[in-house]
$ cat query_20.txt   # compact mmCIF, C-alpha atoms
# COMPACT_ATOMS: atom_id res chain seq x y z
CA MET A 1 19.82 -24.85 14.09
CA SER A 2 18.73 -21.22 13.95
CA SER A 3 20.81 -18.27 15.06
CA ALA A 4 20.58 -14.51 14.76
CA PRO A 5 23.89 -13.17 13.45
CA GLY A 6 22.66 -9.66 12.98
CA SER A 7 19.76 -7.28 13.05
CA GLY A 8 20.12 -3.71 11.93
CA LYS A 9 17.81 -0.82 11.31
CA PHE A 10 17.15 -1.74 7.70
CA VAL A 11 17.65 -5.49 7.52
CA ARG A 12 17.38 -8.51 9.78
CA ILE A 13 19.61 -11.51 9.19
CA ASP A 14 19.02 -15.03 10.53
CA LYS A 15 20.81 -18.27 9.80
CA GLN A 16 19.12 -21.60 9.33
CA GLY A 17 21.45 -24.47 8.49
CA GLU A 18 23.03 -23.70 5.14
CA ALA A 19 20.68 -20.80 4.51
CA VAL A 20 20.87 -17.15 5.40
CA VAL A 21 17.47 -15.55 5.85
CA VAL A 22 17.51 -11.87 4.94
CA ALA A 23 14.52 -9.71 5.84
CA PRO A 24 14.58 -6.14 4.48
CA LEU A 25 12.86 -3.72 6.86
CA PHE A 26 12.82 -0.58 4.72
CA THR A 27 10.38 0.99 2.30
CA PHE A 28 10.96 3.92 0.01
CA ALA A 29 9.86 6.62 2.40
CA SER A 30 12.30 5.52 5.06
CA PHE A 31 15.83 5.29 3.75
CA THR A 32 18.53 6.55 1.47
CA GLU A 33 20.91 4.14 -0.21
CA ALA A 34 23.83 5.53 1.76
CA ASP A 35 22.02 4.38 4.92
CA LEU A 36 21.97 0.85 3.60
CA VAL A 37 25.59 0.39 2.62
CA ALA A 38 26.92 -0.86 5.97
CA GLU A 39 24.07 -3.28 6.46
CA TRP A 40 24.32 -4.49 2.87
CA GLN A 41 27.97 -5.28 3.50
CA ALA A 42 26.97 -7.28 6.59
CA VAL A 43 24.51 -9.27 4.47
CA GLN A 44 27.20 -10.04 1.92
CA HIS A 45 29.54 -11.11 4.70
CA GLU A 46 26.97 -13.58 6.02
CA ILE A 47 26.30 -15.06 2.58
CA ASP A 48 30.02 -15.44 1.91
CA ALA A 49 30.60 -17.19 5.25
CA PRO A 50 31.71 -20.84 5.14
CA GLY A 51 28.85 -23.32 5.31
CA VAL A 52 26.31 -20.97 3.76
CA LYS A 53 24.89 -21.86 0.34
CA HIS A 54 21.34 -20.57 0.11
CA VAL A 55 19.57 -17.27 0.60
CA ILE A 56 15.97 -16.83 1.69
CA VAL A 57 14.61 -13.32 1.26
CA ASP A 58 11.75 -12.81 3.68
CA LEU A 59 9.71 -9.90 2.32
CA GLY A 60 7.10 -10.04 5.04
CA GLU A 61 8.23 -6.84 6.75
CA ILE A 62 7.89 -4.62 3.69
CA PRO A 63 4.54 -4.17 1.98
CA TYR A 64 6.19 -2.97 -1.22
CA PHE A 65 9.58 -2.49 -2.80
CA GLY A 66 11.23 -1.30 -5.99
CA SER A 67 14.43 -1.74 -7.90
CA THR A 68 16.73 -1.26 -4.90
CA VAL A 69 15.47 -4.44 -3.26
CA LEU A 70 15.53 -6.21 -6.64
CA GLU A 71 19.17 -5.21 -7.06
CA TRP A 72 19.98 -6.61 -3.63
CA MET A 73 18.19 -9.81 -4.48
CA VAL A 74 20.06 -10.26 -7.76
CA GLN A 75 23.37 -9.71 -6.02
CA MET A 76 22.49 -12.17 -3.27
CA TRP A 77 21.29 -14.70 -5.85
CA LYS A 78 24.55 -14.43 -7.77
CA ARG A 79 26.57 -14.93 -4.58
CA ALA A 80 24.51 -17.98 -3.63
CA LYS A 81 24.75 -19.38 -7.16
CA ALA A 82 28.53 -19.01 -7.09
CA LYS A 83 28.53 -21.30 -4.05
CA GLY A 84 26.24 -23.85 -5.70
CA GLY A 85 23.18 -22.61 -3.83
CA SER A 86 19.94 -20.88 -4.70
CA LEU A 87 17.61 -18.10 -3.63
CA ALA A 88 13.97 -18.26 -2.61
CA THR A 89 11.55 -15.61 -1.41
CA CYS A 90 8.70 -15.74 1.06
CA ASN A 91 5.91 -13.71 2.66
CA CYS A 92 5.70 -11.42 -0.35
CA SER A 93 2.81 -8.95 -0.53
CA LYS A 94 0.49 -8.76 -3.54
CA ILE A 95 2.28 -5.69 -4.87
CA GLY A 96 5.63 -7.30 -4.15
CA ARG A 97 4.59 -10.28 -6.26
CA GLU A 98 3.67 -7.88 -9.05
CA VAL A 99 7.18 -6.42 -8.85
CA LEU A 100 8.79 -9.88 -8.97
CA HIS A 101 6.55 -10.89 -11.84
CA ALA A 102 7.28 -7.73 -13.84
CA ALA A 103 11.00 -8.46 -13.56
CA ARG A 104 10.35 -12.16 -14.39
CA PHE A 105 12.09 -13.15 -11.18
CA ASP A 106 9.17 -15.37 -10.27
CA THR A 107 10.41 -17.64 -13.07
CA LEU A 108 13.87 -17.87 -11.48
CA TRP A 109 13.24 -17.93 -7.77
CA GLY A 110 10.76 -19.79 -5.64
CA VAL A 111 8.05 -17.50 -4.26
CA PHE A 112 6.59 -19.07 -1.13
CA ASP A 113 3.90 -18.08 1.33
CA SER A 114 5.98 -18.88 4.40
CA ARG A 115 9.57 -18.93 5.55
CA ASP A 116 9.31 -22.63 6.38
CA GLU A 117 8.23 -23.48 2.84
CA ALA A 118 11.08 -21.41 1.43
CA LEU A 119 13.60 -23.13 3.69
CA LYS A 120 12.28 -26.56 2.71
CA SER A 121 12.62 -25.63 -0.96
CA VAL A 122 16.36 -25.25 -0.49
CA GLY A 123 16.64 -28.43 1.53
CA GLN A 124 16.79 -26.86 4.98
CA THR A 125 14.79 -27.96 7.98
CA PRO A 126 12.82 -25.12 9.56
CA ALA A 127 13.47 -24.46 13.25
CA MET B 1 -26.73 14.44 17.29
CA PRO B 2 -24.26 11.58 16.76
CA THR B 3 -25.54 8.05 17.29
CA VAL B 4 -23.52 5.47 19.21
CA LEU B 5 -24.26 1.86 18.32
CA VAL B 6 -23.53 -0.42 21.27
CA VAL B 7 -22.97 -4.08 20.36
CA ASP B 8 -22.98 -6.69 23.11
CA ASP B 9 -24.66 -10.06 23.39
CA ALA B 10 -25.20 -9.64 27.14
CA ALA B 11 -28.33 -7.63 27.92
CA VAL B 12 -26.94 -6.59 31.29
CA ASP B 13 -23.82 -5.12 29.66
CA ARG B 14 -25.90 -3.30 27.02
CA LYS B 15 -27.90 -1.79 29.85
CA LEU B 16 -24.74 -0.80 31.71
CA VAL B 17 -23.18 0.90 28.69
CA GLY B 18 -26.50 2.50 27.74
CA GLY B 19 -26.72 3.95 31.23
CA LEU B 20 -23.23 5.40 30.99
CA LEU B 21 -23.85 6.94 27.61
CA SER B 22 -27.22 8.39 28.62
CA LYS B 23 -25.27 10.82 30.81
CA ALA B 24 -24.04 12.51 27.66
CA GLU B 25 -26.70 14.84 26.30
CA ASP B 26 -25.01 15.07 22.92
CA LEU B 27 -25.23 11.36 22.05
CA ARG B 28 -28.06 9.13 20.88
CA VAL B 29 -27.72 5.43 21.69
CA GLU B 30 -28.80 2.39 19.69
CA PHE B 31 -28.21 -1.27 20.54
CA ALA B 32 -27.45 -4.53 18.76
CA ALA B 33 -27.16 -7.96 20.39
CA SER B 34 -24.85 -9.50 17.78
CA GLY B 35 -22.40 -8.63 15.04
CA THR B 36 -24.90 -9.59 12.36
CA GLU B 37 -27.58 -7.39 13.90
CA ALA B 38 -25.03 -4.58 14.18
CA LEU B 39 -24.29 -4.64 10.45
CA THR B 40 -28.01 -4.41 9.67
CA LYS B 41 -28.46 -1.63 12.21
CA ILE B 42 -25.56 0.36 10.78
CA GLU B 43 -27.38 0.62 7.45
CA GLU B 44 -30.55 1.71 9.25
CA VAL B 45 -29.25 4.31 11.69
CA TRP B 46 -25.80 5.26 10.24
CA PRO B 47 -24.12 5.60 13.63
CA ALA B 48 -21.22 7.98 14.07
CA ILE B 49 -19.38 5.35 16.12
CA VAL B 50 -19.70 1.70 17.12
CA VAL B 51 -18.80 0.41 20.59
CA THR B 52 -18.51 -3.36 20.65
CA ASP B 53 -17.77 -6.27 22.91
CA LEU B 54 -15.08 -8.61 21.59
CA VAL B 55 -16.40 -11.96 22.76
CA MET B 56 -19.79 -12.73 21.27
CA PRO B 57 -21.42 -15.90 19.91
CA GLY B 58 -21.62 -16.03 16.11
CA MET B 59 -19.75 -13.12 14.58
CA THR B 60 -16.97 -12.12 16.97
CA GLY B 61 -16.02 -8.55 17.78
CA LEU B 62 -12.87 -8.96 15.68
CA GLU B 63 -14.91 -10.12 12.67
CA LEU B 64 -17.29 -7.23 13.19
CA VAL B 65 -14.37 -4.78 13.17
CA GLN B 66 -13.08 -6.29 9.93
CA GLN B 67 -16.53 -6.00 8.32
CA ILE B 68 -17.01 -2.40 9.43
CA VAL B 69 -13.53 -1.34 8.30
CA GLU B 70 -14.17 -2.88 4.89
CA ARG B 71 -17.77 -1.81 4.36
CA PHE B 72 -18.07 1.37 6.41
CA PRO B 73 -14.56 2.83 6.66
CA ARG B 74 -15.80 6.16 7.96
CA ILE B 75 -17.37 4.65 11.07
CA PRO B 76 -14.85 4.23 13.92
CA VAL B 77 -15.06 1.27 16.26
CA VAL B 78 -14.21 1.29 19.96
CA LEU B 79 -13.62 -2.07 21.65
CA MET B 80 -14.70 -3.05 25.11
CA THR B 81 -12.04 -5.45 26.33
CA GLY B 82 -12.29 -7.97 29.13
CA LYS B 83 -9.73 -10.12 30.88
CA GLY B 84 -8.23 -12.63 28.48
CA THR B 85 -9.15 -10.69 25.32
CA GLU B 86 -5.91 -8.68 25.10
CA GLU B 87 -4.56 -10.68 22.18
CA THR B 88 -7.81 -10.36 20.23
CA ALA B 89 -7.88 -6.65 21.02
CA VAL B 90 -4.43 -6.22 19.51
CA GLN B 91 -5.61 -8.01 16.36
CA ALA B 92 -8.72 -5.81 16.23
CA LEU B 93 -6.65 -2.63 16.60
CA LYS B 94 -4.38 -3.84 13.81
CA ALA B 95 -7.49 -4.55 11.74
CA GLY B 96 -8.54 -0.93 12.13
CA ALA B 97 -10.39 -0.48 15.41
CA ALA B 98 -9.94 3.11 16.61
CA SER B 99 -9.48 2.55 20.34
CA TYR B 100 -10.38 0.35 23.29
CA VAL B 101 -11.63 0.66 26.83
CA PRO B 102 -11.22 -2.09 29.45
CA LYS B 103 -14.61 -3.25 30.70
CA THR B 104 -13.41 -2.68 34.23
CA ALA B 105 -12.85 1.01 33.44
CA LEU B 106 -15.92 1.84 31.36
CA HIS B 107 -17.20 4.27 33.97
CA THR B 108 -13.99 6.26 33.85
CA TYR B 109 -12.99 6.19 30.20
CA LEU B 110 -15.81 5.20 27.85
CA LEU B 111 -17.43 8.62 27.34
CA GLU B 112 -14.09 10.38 27.12
CA THR B 113 -12.82 7.86 24.57
CA ILE B 114 -15.95 8.13 22.44
CA HIS B 115 -15.68 11.93 22.35
CA ASP B 116 -11.97 11.81 21.52
CA VAL B 117 -12.49 9.33 18.69
CA LEU B 118 -15.47 11.28 17.33
CA ASP B 119 -13.45 14.51 17.32
CA LEU B 120 -10.59 12.82 15.52
CA PHE B 121 -12.81 11.21 12.89
CA ARG B 122 -14.82 14.41 12.41
CA SER B 123 -11.64 16.24 11.56
CA LYS B 124 -10.45 13.42 9.28
CA HIS B 125 -13.85 13.12 7.62
CA SER B 126 -14.03 16.83 7.03
CA HIS B 127 -10.63 16.73 5.34
CA GLU B 128 -11.70 13.77 3.19
CA ARG B 129 -14.86 15.57 2.13
CA LEU B 130 -12.84 18.61 1.21
CA MET B 131 -10.49 16.45 -0.82
CA ASP B 132 -13.50 14.89 -2.57
CA CYS B 133 -14.24 18.41 -3.82
CA LEU B 134 -10.72 18.88 -5.17
CA THR B 135 -10.82 19.08 -8.95
CA ARG B 136 -7.26 20.07 -9.77
CA SER B 137 -3.99 20.72 -8.03
CA GLU B 138 -0.42 21.04 -9.15
CA PHE B 139 2.85 21.00 -7.23
CA GLN B 140 6.28 21.76 -8.60
CA PHE B 141 9.53 20.88 -6.91
CA ARG B 142 13.02 21.95 -7.92
CA MET B 143 15.46 19.64 -6.18
CA ASP B 144 19.21 19.49 -6.02
CA ASN B 145 20.94 16.13 -6.22
CA ASP B 146 20.57 15.12 -2.62
CA PRO B 147 19.37 11.50 -2.40
CA GLU B 148 17.89 12.24 1.02
CA MET B 149 15.23 14.31 -0.71
CA ILE B 150 13.86 11.30 -2.59
CA PRO B 151 12.19 9.55 0.37
CA SER B 152 10.89 12.93 1.57
CA LEU B 153 9.29 13.70 -1.78
CA ILE B 154 7.88 10.19 -2.13
CA GLY B 155 6.38 10.41 1.35
CA TYR B 156 4.83 13.77 0.50
CA VAL B 157 3.37 12.57 -2.79
CA GLN B 158 2.06 9.46 -1.09
CA SER B 159 0.11 11.53 1.43
CA LEU B 160 -0.97 14.01 -1.25
CA VAL B 161 -2.33 11.39 -3.64
CA THR B 162 -3.93 9.48 -0.77
CA SER B 163 -5.68 12.51 0.67
CA ALA B 164 -6.80 13.67 -2.79
CA GLY B 165 -8.45 10.26 -3.24
CA VAL B 166 -7.18 9.92 -6.79
CA CYS B 167 -6.90 6.18 -6.39
CA ASP B 168 -7.06 3.42 -3.83
CA GLU B 169 -4.29 2.64 -1.38
CA SER B 170 -2.60 -0.08 -3.41
CA SER B 171 -2.60 2.10 -6.52
CA VAL B 172 -0.99 4.90 -4.51
CA ILE B 173 1.81 2.51 -3.62
CA ARG B 174 2.22 1.53 -7.29
CA VAL B 175 2.44 5.23 -8.16
CA CYS B 176 5.10 5.75 -5.52
CA ILE B 177 7.16 2.78 -6.70
CA ALA B 178 7.14 4.20 -10.25
CA LEU B 179 7.86 7.73 -9.07
CA GLU B 180 10.78 6.59 -6.96
CA GLU B 181 12.28 4.87 -10.00
CA ALA B 182 11.84 8.01 -12.10
CA LEU B 183 13.46 10.19 -9.43
CA ARG B 184 16.41 7.83 -9.09
CA ASN B 185 16.86 7.68 -12.84
CA GLY B 186 16.72 11.45 -13.15
CA MET B 187 19.05 12.13 -10.26
CA PHE B 188 21.66 9.39 -10.62
CA HIS B 189 21.67 8.56 -14.32
CA GLY B 190 20.46 11.95 -15.61
CA ASN B 191 21.98 14.73 -13.53
CA LEU B 192 24.97 12.83 -12.12
CA GLU B 193 25.53 10.77 -15.29
CA LEU B 194 26.28 7.62 -13.32
CA THR B 195 26.11 4.42 -15.33
CA SER B 196 24.57 1.04 -14.50
CA GLU B 197 28.05 -0.48 -14.60
CA GLN B 198 29.25 1.93 -11.92
CA ARG B 199 26.20 1.06 -9.87
CA GLU B 200 26.94 -2.63 -10.05
CA GLY B 201 30.36 -2.22 -8.46
CA ASP B 202 31.21 -1.76 -4.80
CA ALA B 203 28.31 -0.12 -2.95
CA GLU B 204 30.52 2.07 -0.77
CA GLU B 205 32.52 3.32 -3.74
CA TYR B 206 29.31 4.08 -5.59
CA GLN B 207 28.03 6.20 -2.71
CA LYS B 208 31.32 8.10 -2.67
CA LEU B 209 30.93 8.70 -6.37
CA VAL B 210 27.41 10.01 -5.84
CA ALA B 211 28.64 12.43 -3.17
CA ASP B 212 31.59 13.51 -5.30
CA ARG B 213 29.54 14.28 -8.40
CA ALA B 214 26.82 15.98 -6.39
CA SER B 215 29.43 18.51 -5.30
CA ARG B 216 31.29 18.92 -8.59
CA GLU B 217 30.46 20.80 -11.81
CA PRO B 218 28.86 20.35 -14.22
CA TYR B 219 26.74 17.99 -12.12
CA ALA B 220 26.37 20.06 -8.96
CA SER B 221 24.29 22.87 -10.44
CA ARG B 222 21.89 20.56 -12.25
CA ARG B 223 18.43 20.33 -10.79
CA LEU B 224 15.62 17.82 -10.86
CA ASN B 225 12.27 19.40 -11.70
CA VAL B 226 9.30 17.41 -10.52
CA THR B 227 5.69 18.25 -11.32
CA VAL B 228 2.79 16.47 -9.66
CA ARG B 229 -0.57 17.27 -11.21
CA ILE B 230 -3.84 15.88 -9.89
CA ALA B 231 -7.03 16.41 -11.82
CA ASP B 232 -10.19 14.41 -11.10
CA ASP B 233 -9.29 10.76 -11.59
CA THR B 234 -5.84 11.27 -13.09
CA GLY B 235 -2.42 11.83 -11.58
CA THR B 236 0.35 13.11 -13.84
CA PHE B 237 3.98 13.01 -12.73
CA VAL B 238 6.71 14.72 -14.70
CA VAL B 239 10.38 14.33 -13.80
CA ARG B 240 12.87 16.40 -15.75
CA ASP B 241 16.60 16.28 -15.20
CA GLN B 242 19.26 18.58 -16.64
CA GLY B 243 21.60 15.88 -17.86
CA PRO B 244 22.35 15.05 -21.49
CA GLY B 245 19.38 12.69 -21.78
CA PHE B 246 19.26 9.20 -23.25
CA ASP B 247 17.46 7.12 -25.83
CA PRO B 248 15.01 4.86 -23.96
CA THR B 249 14.60 2.63 -27.01
CA LYS B 250 18.26 1.65 -26.72
CA LEU B 251 17.90 0.27 -23.21
CA PRO B 252 18.28 -3.50 -22.98
CA ASP B 253 15.14 -5.43 -22.07
CA PRO B 254 15.69 -6.47 -18.44
CA THR B 255 13.25 -9.37 -18.84
CA ASP B 256 15.27 -10.91 -21.65
CA PRO B 257 16.74 -14.14 -20.20
CA GLU B 258 20.19 -12.89 -21.17
CA ASN B 259 19.75 -9.83 -18.96
CA LEU B 260 18.12 -11.38 -15.90
CA GLU B 261 21.41 -11.60 -14.04
CA LYS B 262 22.15 -7.93 -14.53
CA VAL B 263 21.94 -6.16 -11.21
CA SER B 264 20.34 -2.92 -12.35
CA GLY B 265 18.24 -1.60 -15.23
CA ARG B 266 14.73 -2.33 -13.97
CA GLY B 267 13.62 1.20 -13.11
CA LEU B 268 11.89 1.92 -16.40
CA LEU B 269 10.30 -1.53 -16.37
CA LEU B 270 8.69 -0.80 -12.99
CA MET B 271 7.58 2.64 -14.16
CA ARG B 272 5.85 1.06 -17.17
CA THR B 273 4.40 -1.71 -15.02
CA PHE B 274 2.77 0.56 -12.48
CA MET B 275 1.76 3.60 -14.51
CA ASP B 276 -0.83 3.70 -17.29
CA GLU B 277 1.27 5.84 -19.58
CA VAL B 278 5.02 6.51 -19.64
CA SER B 279 6.59 8.74 -22.28
CA PHE B 280 9.87 10.57 -22.75
CA ASN B 281 10.59 13.85 -24.45
CA SER B 282 12.72 13.86 -27.60
CA THR B 283 15.96 14.40 -25.68
CA GLY B 284 15.25 11.71 -23.12
CA ASN B 285 15.74 13.87 -20.04
CA GLN B 286 12.07 14.20 -19.14
CA VAL B 287 9.66 11.43 -18.33
CA THR B 288 5.92 11.92 -18.04
CA MET B 289 3.94 9.27 -16.21
CA VAL B 290 0.17 9.13 -16.00
CA LYS B 291 -1.96 7.12 -13.59
CA LYS B 292 -5.69 6.93 -14.23
CA CYS B 293 -7.99 5.64 -11.55
CA PRO B 294 -11.53 5.68 -12.91
CA ALA B 295 -13.00 3.73 -9.99
CA PRO B 296 -14.05 5.91 -7.09
CA CYS B 297 -11.82 5.62 -4.07
CA PRO B 298 -13.26 3.82 -1.01
CA ALA B 299 -13.33 7.04 1.00
CA GLY B 300 -15.75 8.52 -1.52
CA GLU B 301 -18.14 5.59 -1.54
CA VAL B 302 -19.72 5.88 1.83
CA ALA B 303 -22.31 8.48 2.59
CA SER B 304 -21.61 10.57 5.62
$ encode --input "query_20.txt" --output "structure tokens"
Amino acid sequence: MSSAPGSGKFVRIDKQGEAVVVAPLFTFASFTEADLVAEWQAVQHEIDAPGVKHVIVDLGEIPYFGSTVLEWMVQMWKRAKAKGGSLATCNCSKIGREVLHAARFDTLWGVFDSRDEALKSVGQTPA
Amino acid sequence: MPTVLVVDDAAVDRKLVGGLLSKAEDLRVEFAASGTEALTKIEEVWPAIVVTDLVMPGMTGLELVQQIVERFPRIPVVLMTGKGTEETAVQALKAGAASYVPKTALHTYLLETIHDVLDLFRSKHSHERLMDCLTRSEFQFRMDNDPEMIPSLIGYVQSLVTSAGVCDESSVIRVCIALEEALRNGMFHGNLELTSEQREGDAEEYQKLVADRASREPYASRRLNVTVRIADDTGTFVVRDQGPGFDPTKLPDPTDPENLEKVSGRGLLLMRTFMDEVSFNSTGNQVTMVKKCPAPCPAGEVAS
């Protein structure tokens, strides 16, 4: 079952079974890190909630990203791993894939063309 | 005199639009009965603007828009929309169409819309041509340690490099990703001397630390000097902080499997990934990044 626990200015959060789907909405010309702190804490809260194991990062809303988003992703991945879950990404742009590849994260996380594929990869049934 | 290319498979509609446009003494009108014919005609008559129906047999209006945007980016397209084509019109506008006029309101709005779009593109084209003539420019910024200035500077450089036509759109984004990393490194690690370990702690505490150091000596009076130099096909970006510097050779390799779980430390990696050259001065508080784009940018490829 899908629900929408939160949608802020910089990130949208959905829940799908045991997975939290996090969609960053910011690019570098639109935010400062201080702007993100409150919403980042909300993301952490959702991942730490009971019944949540996996994180899907939907990158479809941002055509590009740098180390700030990578840092978020590593932190989310570590939280999911601590609960026996995993992280997968989806809807990544060409440049976004270059960023993931440069950091070698494409060897650690699934990179999928759609949210449904990403959800299936962590054993969740898409809505 | 600008030429308007009218594309519609229905002869009666071509006649109707031709009649409307003939009222304007400053426009010449050409016609095409299909998207395929329109593409051929564009290369023959080099219209200033294309006005097209959306629903046509063979190549649709949406496909025609996509082709024109890709092959003739300096020619604007105006859509003529009918009932039931709203969704396609939205897609065509997203694909790059300049405007639209409902078929039921052609009499009222078509000429006005064509003139508005032509004026807009003339101004844009003129600016692009001027930028094509740009051989060298240099900007220098001296910034205090206010993180809010980073997105502003990135946004400015993005528009500067785009309008100068140094490289294509995706390369501009790569430049901006690298520049953002360099600015963050210089401001947070250089001037404010914040460590990766501090960054990996509580996000709120880290932001407090940033604000505290930005207002306290010796950090507060340090500045970030940024130079953006554009010359022909090369962009050079120099970021110099006033911190103690560091030895880039001592940084751990973030792609080493042992380091993949580390939260931070990927800024320099992204700078090296997206720039052609990255070098530091001997004290490690100045990075120089070079982006070379030998291929001509799309805006320079099409004859006016």
$ interface_residues --input "query_20.txt" --of "chain B" --to "chain A" --cutoff "10 Å" --atoms "only C-alpha atoms" --output "JSON, numbers by chain"
{"B": [146, 147, 148, 149, 150, 151, 152, 153, 154, 155, 156, 158, 170, 171, 173, 174, 176, 177, 178, 180, 181, 184, 199, 200, 202, 203, 204, 205, 206, 207, 208, 210, 211, 253, 254, 255, 256, 257, 260, 261, 262, 263, 264, 265, 266, 267, 268, 269, 270, 271, 272, 273, 274]}
$ residues_around --input "query_20.txt" --residues "region 117-126 of chain A" --least-positions-apart "6" --cutoff "10 Å" --atoms "only C-alpha atoms" --output "ChimeraX atom specification"
/A:1-2,16-21,53-58,85-91,110-111
$ closest_residue --input "query_20.txt" --among "B:Met275, B:Ala182, B:Leu39, B:Leu20" --to "Phe72 (chain B)" --atoms "only C-alpha atoms"
B:Leu39
$ atom_distance --input "query_20.txt" --atom1 "CA of Trp109 (chain A)" --atom2 "CA of Ala80 (chain A)"
12.0 Å
$ atom_distance --input "query_20.txt" --atom1 "CA of Arg14 (chain B)" --atom2 "CA of Ser34 (chain B)"
11.2 Å
$ closest_residue --input "query_20.txt" --among "B:Glu44, B:Glu258, B:Asp116, B:Glu169" --to "Ala32 (chain B)" --atoms "all atoms listed in the file"
B:Glu44
$ atom_distance --input "query_20.txt" --atom1 "CA of Gly82 (chain B)" --atom2 "CA of Leu54 (chain B)"
8.1 Å
$ residues_around --input "query_20.txt" --residues "Cys293 (chain B)" --least-positions-apart "5" --cutoff "9 Å" --atoms "all atoms listed in the file" --output "PDB file with C-alpha atoms, in the frame of the given file"
ATOM      1  CA  VAL B 166      -7.180   9.920  -6.790  1.00  0.00           C
ATOM      2  CA  CYS B 167      -6.900   6.180  -6.390  1.00  0.00           C
ATOM      3  CA  ASP B 168      -7.060   3.420  -3.830  1.00  0.00           C
ATOM      4  CA  SER B 171      -2.600   2.100  -6.520  1.00  0.00           C
ATOM      5  CA  ASP B 233      -9.290  10.760 -11.590  1.00  0.00           C
ATOM      6  CA  THR B 234      -5.840  11.270 -13.090  1.00  0.00           C
ATOM      7  CA  GLY B 235      -2.420  11.830 -11.580  1.00  0.00           C
TER       8      GLY B 235
END
$ decode --input "query_20.txt" --residues "region 69-82 of chain A" --atoms "N, CA and C atoms" --output "mmCIF file, in the first residue's frame"
data_model
loop_
_atom_site.group_PDB
_atom_site.id
_atom_site.type_symbol
_atom_site.label_atom_id
_atom_site.label_comp_id
_atom_site.auth_asym_id
_atom_site.auth_seq_id
_atom_site.Cartn_x
_atom_site.Cartn_y
_atom_site.Cartn_z
ATOM 1 N N VAL A 69 23.892 15.329 -2.583
ATOM 2 C CA VAL A 69 22.932 14.236 -2.763
ATOM 3 C C VAL A 69 23.616 12.886 -2.517
ATOM 4 N N LEU A 70 24.872 12.768 -2.956
ATOM 5 C CA LEU A 70 25.601 11.513 -2.690
ATOM 6 C C LEU A 70 25.733 11.273 -1.188
ATOM 7 N N GLU A 71 26.023 12.336 -0.455
ATOM 8 C CA GLU A 71 26.146 12.183 1.004
ATOM 9 C C GLU A 71 24.833 11.712 1.612
ATOM 10 N N TRP A 72 23.750 12.316 1.174
ATOM 11 C CA TRP A 72 22.419 11.879 1.639
ATOM 12 C C TRP A 72 22.226 10.401 1.343
ATOM 13 N N MET A 73 22.586 10.024 0.127
ATOM 14 C CA MET A 73 22.332 8.639 -0.287
ATOM 15 C C MET A 73 23.148 7.660 0.551
ATOM 16 N N VAL A 74 24.401 8.024 0.827
ATOM 17 C CA VAL A 74 25.232 7.132 1.654
ATOM 18 C C VAL A 74 24.615 7.006 3.049
ATOM 19 N N GLN A 75 24.173 8.113 3.586
ATOM 20 C CA GLN A 75 23.595 8.059 4.932
ATOM 21 C C GLN A 75 22.302 7.231 4.944
ATOM 22 N N MET A 76 21.506 7.395 3.905
ATOM 23 C CA MET A 76 20.264 6.603 3.841
ATOM 24 C C MET A 76 20.588 5.122 3.669
ATOM 25 N N TRP A 77 21.581 4.844 2.841
ATOM 26 C CA TRP A 77 21.995 3.454 2.596
ATOM 27 C C TRP A 77 22.458 2.803 3.906
ATOM 28 N N LYS A 78 23.251 3.549 4.665
ATOM 29 C CA LYS A 78 23.765 2.987 5.923
ATOM 30 C C LYS A 78 22.615 2.717 6.903
ATOM 31 N N ARG A 79 21.639 3.619 6.916
ATOM 32 C CA ARG A 79 20.490 3.413 7.818
ATOM 33 C C ARG A 79 19.693 2.184 7.391
ATOM 34 N N ALA A 80 19.497 2.050 6.075
ATOM 35 C CA ALA A 80 18.744 0.889 5.575
ATOM 36 C C ALA A 80 19.510 -0.400 5.856
ATOM 37 N N LYS A 81 20.827 -0.344 5.621
ATOM 38 C CA LYS A 81 21.655 -1.542 5.846
ATOM 39 C C LYS A 81 21.593 -1.984 7.302
ATOM 40 N N ALA A 82 21.574 -1.000 8.206
ATOM 41 C CA ALA A 82 21.533 -1.320 9.635
ATOM 42 C C ALA A 82 20.240 -2.042 10.003
#
